[in-house]
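Here is the structure we will look at.
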Amino acid sequence: MSGGSDDGRHGDDPLTTGLIHHRYEPPAGFGAVPPAVYKASTVIFRNVAALRARNWKEKTGYTYGLHGTPTTFTLEERIATLEGGRRTLLAPSGLAAIVLVNLTLLKSGDEVLLPTNVYGPGKELARQELARLGVTHRLYDPLDAAALAAMIGPQTKLVWLEAAGSVTMEFPDLAGLVGACRARGVTTALDNTWGAGVAFSPFDQGVDISVHALTKYPSGGGDVLMGSVTTRDEALHQRLTMTHMHLGLGVGANDVEFVLRSLPTLALRYAAHDAAARRLAAWWQTRPEVVQVLHPALAGAPGHAHWAASCRAAAGLFSVVFDARFTQTQVDAFVDALRLFRIGYSWGGPMSLAVPYDLTVLRGPASAGQGTLVRFSVGLEAVEDLQADLEQALAVLPP
């Protein structure tokens with residue numbers, strides 16, 4: 001029922017014009033737990049003066065759906081709070097967020113430095129797309145800050161950091177790496193997807209930009225693709241904002257709604273993933289089938305001391321390296337035999353996942369002879385059930 005006697009009909013055609021230009025406006029003051037979801041391409045202005053006065057870059061008003069709505073502005077502000085930054089931009093995926101940073105800061109003749117354990121698509125972006133634009137790249141050892149310092153030259157304009165490293169899970173010397181870049185005036189960008197704003201504060205480590213695949217822990221449902229770019233520096237944010245606009249990057253309101261709905265439980269879910277992963281990683285250390293368990297919170301894991309110095313938590317990810325006596329085919333059979341761990345990329349959702357990797361392909365010939373690696377993303381199932389699943393799958397391996 002409407003709030004008054006006016007049926008809302010007016011104009012010559014009440015079934016078209018009357019429904020588009022309806023007089024009813026709901027009363028103000030509605031309160032609810034979730035933020036409202038606003039969907040729009042066109043934004044309506046009160047008058048021409050209002051149209052000309054709007055400044056979407058400062059979030060003081062709205063001009064067009066692509067430049068922000070109350071819903072996207074709300075998520076941007078909450079991600080900035082999560083990351084400990086001041087300004088955030090949203091992108092259609094984590095990889096799109098990486099592209100945004102690269103295209104904002106790099107031009108022909110520049111160089112970008114990537115860690116050897118960088119996210120694979122980010123490395124391919126540098127090898128192919130950035131190379132076509134005249135941008136060169138080199139790889140550095142994330143555990144050796146002195147070596148990075150020696151690599152930085154006049155053409156080096158951006159250094160990417162990964163904490164922890166993609167798949168092989170080394171935790172870098174963040175303080176040393178960032179210090180080397182700051183001393184030479186080079187911008188740093190951290191892929192903070194693993195840390196999720198929970199394990200450590202990226203800006204307390206001194207980084208300039210934090211990139212986050214909101215697809216993972218902030219979403220938590222395995223049903224959203226989204227990324228974010230967060231900064232504390234206003235001038236840097238404005239540069240990113242203009243590139244963001246020129247590229248036409250936008251995100252869907254319903255996807256934003258899903259992330260906003262999940263954020264209040266992020267810390268609880270992250271802690272549950274963390275605790276379960278540590279228990280399973282410790283169990284794997286007792287197994288004769290593997291020669292190494294790669295989890296930064298485990299003593300002896302690559303970069304453990306750096307993790308201990310920087311972090312208050314760890315994600316639900318770890319990898320194991322199988323003994324070289326097992327062939328790739330045999331390890332693949334183990335993964336195929338898993339029942340609760342499903343085979344699939346990404347992580348951060350409720351379901352546990354497993355993916356095998358060939359180390360010689362992943363990190364190059366220098367890794368030859370180390371065996372086959374399997375990365376596990378631990379979901380929210382009971383740990384006892386997950387361990388039983390791993391045990392039954394190991395039975396397919398020869399003794």
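Naming scheme: A, B, ... for chains in displayed order of the structure tokens; residues 1 onward per chain; ligands 1 onward as shown.
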Find the nearest atom pair between each residue of region 236-277 of chain A and region 299-312 of chain A for residues within 12 Å, count only C-alpha atoms, give distances in Å to one decimal, sort rows by chain and ascending number, and present the table as a tab-separated table.
```
residue	atom	partner	partner_atom	distance
A:Ala267	CA	A:Arg312	CA	11.9
A:Tyr270	CA	A:Arg312	CA	11.7
A:Ala271	CA	A:Arg312	CA	10.5
A:Asp274	CA	A:Arg312	CA	10.8
```
For those residues, write N, CA and C atoms to a file as a tab-separated table (two decimals), in the first residue's frame.
```
chain	number	residue	atom	x	y	z
A	267	ALA	N	37.85	-11.49	9.68
A	267	ALA	CA	38.85	-11.85	10.69
A	267	ALA	C	38.56	-13.22	11.28
A	270	TYR	N	39.37	-15.85	8.55
A	270	TYR	CA	40.82	-15.93	8.34
A	270	TYR	C	41.47	-16.73	9.47
A	271	ALA	N	41.04	-16.49	10.70
A	271	ALA	CA	41.60	-17.23	11.84
A	271	ALA	C	41.30	-18.71	11.73
A	274	ASP	N	43.50	-20.20	9.02
A	274	ASP	CA	44.87	-20.21	9.53
A	274	ASP	C	45.08	-21.40	10.47
```
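For region 144-204 of chain A, backbone-based DSSP assignment of strand (DSSP E or B) covers Thr156, Lys157, Leu158, Val159, Trp160, Leu161, Glu162, Thr187, Thr188, Ala189, Leu190 and Asp191 of chain A.
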Practice prompt. Using only C-alpha atoms, pick whichever of A:Leu105, A:Leu373, A:Ala313, A:Ala281 has the shortest atom-to-atom distance to Leu390 (chain A).
Written response: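 Checking each candidate against Leu390 (chain A), we get A:Ala281 as the closest.
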Discussion item. Give me, as a list in words, all polymer residues having an atom no more than 10 Å from Ala36 (chain A), counting only C-alpha atoms and skipping those fewer than 4 positions away in the same chain.
Written reply: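 Once the nearby chain positions are removed, what remains is Phe30, Gly31, Ala32, Pro70, Thr71, Thr74 and Glu257 of chain A.
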Fill in: Picked from region 196-336 of chain A by DSSP as helix (DSSP H, G or I), as a count of residues only
66
Discussion item. Can you measure CA of Arg52 (chain A) to CA of Gly68 (chain A) for me? One decimal in Å is fine.
Written reply: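 If I compute the distance from CA of Arg52 (chain A) to CA of Gly68 (chain A), I get 16.7 Å.
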Practice prompt. Identify, on the basis of only C-alpha atoms, every residue whose closest approach to region 229-231 of chain A does not exceed 7 Å; exclude the query and any residue fewer than 2 positions from it along the same chain; express the result as a PyMOL selection string.
Written response: chain A and resi 80+85-90+97+208-212+233+237
Please produce a file of those selected residues containing C-alpha atoms, as an mmCIF file, in the first residue's frame.
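And here's selection05.cif as it stands now:
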```
data_model
loop_
_atom_site.group_PDB
_atom_site.id
_atom_site.type_symbol
_atom_site.label_atom_id
_atom_site.label_comp_id
_atom_site.auth_asym_id
_atom_site.auth_seq_id
_atom_site.Cartn_x
_atom_site.Cartn_y
_atom_site.Cartn_z
ATOM 1 C CA ALA A 80 41.055 1.342 2.918
ATOM 2 C CA GLY A 85 45.444 3.024 3.841
ATOM 3 C CA ARG A 86 43.617 6.232 2.985
ATOM 4 C CA ARG A 87 42.265 5.820 -0.570
ATOM 5 C CA THR A 88 41.100 2.731 -2.463
ATOM 6 C CA LEU A 89 40.032 1.969 -6.033
ATOM 7 C CA LEU A 90 38.089 -1.125 -7.069
ATOM 8 C CA ALA A 97 44.288 -4.221 -10.168
ATOM 9 C CA ASP A 208 53.485 2.620 -1.326
ATOM 10 C CA ILE A 209 50.641 0.570 -2.827
ATOM 11 C CA SER A 210 48.731 -2.464 -1.581
ATOM 12 C CA VAL A 211 46.942 -4.581 -4.187
ATOM 13 C CA HIS A 212 44.368 -7.076 -2.978
ATOM 14 C CA ASP A 233 49.695 9.018 -0.785
ATOM 15 C CA HIS A 237 46.060 7.924 -5.670
#
```
Worksheet item: Residues at most 9 Å from region 119-127 of chain A, counting only C-alpha atoms, excluding those fewer than 6 positions away in the same chain, as an MDAnalysis selection string?
Response: chainID A and resid 95 98:99 102 112 135:137 162 165:167 191 362
Residues just named, written with N, CA and C atoms as a tab-separated table (two decimals), in the first residue's frame:
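result28.tsv written:
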```tsv
chain	number	residue	atom	x	y	z
A	95	LEU	N	43.93	-9.37	-10.90
A	95	LEU	CA	44.85	-9.13	-12.01
A	95	LEU	C	44.61	-7.77	-12.64
A	98	ILE	N	46.43	-5.27	-10.69
A	98	ILE	CA	47.86	-5.28	-11.02
A	98	ILE	C	48.11	-4.51	-12.32
A	99	VAL	N	47.27	-4.73	-13.31
A	99	VAL	CA	47.38	-4.01	-14.58
A	99	VAL	C	47.27	-2.51	-14.35
A	102	ASN	N	50.54	-1.13	-12.95
A	102	ASN	CA	51.61	-1.13	-13.95
A	102	ASN	C	51.41	-0.04	-15.00
A	112	VAL	N	60.58	-2.71	-14.48
A	112	VAL	CA	59.89	-3.17	-13.28
A	112	VAL	C	60.59	-4.42	-12.78
A	135	VAL	N	58.48	-1.73	-21.88
A	135	VAL	CA	58.85	-1.84	-20.46
A	135	VAL	C	59.58	-3.16	-20.25
A	136	THR	N	60.76	-3.11	-19.64
A	136	THR	CA	61.52	-4.32	-19.38
A	136	THR	C	61.28	-4.78	-17.94
A	137	HIS	N	61.65	-6.02	-17.67
A	137	HIS	CA	61.52	-6.53	-16.31
A	137	HIS	C	62.65	-7.48	-16.00
A	162	GLU	N	55.69	-9.69	-3.04
A	162	GLU	CA	54.68	-10.74	-2.87
A	162	GLU	C	54.89	-11.37	-1.50
A	165	GLY	N	55.08	-15.66	-1.05
A	165	GLY	CA	55.22	-15.90	-2.47
A	165	GLY	C	54.17	-16.85	-3.02
A	166	SER	N	53.78	-16.61	-4.24
A	166	SER	CA	52.75	-17.43	-4.88
A	166	SER	C	53.21	-18.88	-5.00
A	167	VAL	N	52.44	-19.78	-4.50
A	167	VAL	CA	52.59	-21.24	-4.59
A	167	VAL	C	53.71	-21.76	-3.70
A	191	ASP	N	51.49	-7.21	-3.39
A	191	ASP	CA	50.30	-8.06	-3.52
A	191	ASP	C	49.99	-8.58	-2.13
A	362	LEU	N	57.35	-24.06	-12.92
A	362	LEU	CA	56.95	-22.94	-12.08
A	362	LEU	C	58.09	-21.98	-11.80
```
Worksheet item: Which polymer residues have any atom within 9 Å of an atom of Gly109 (chain A), counting only C-alpha atoms, with same-chain residues fewer than 2 positions away left out, as a PyMOL selection string?
Response: chain A and resi 106-107+111+133-136+155
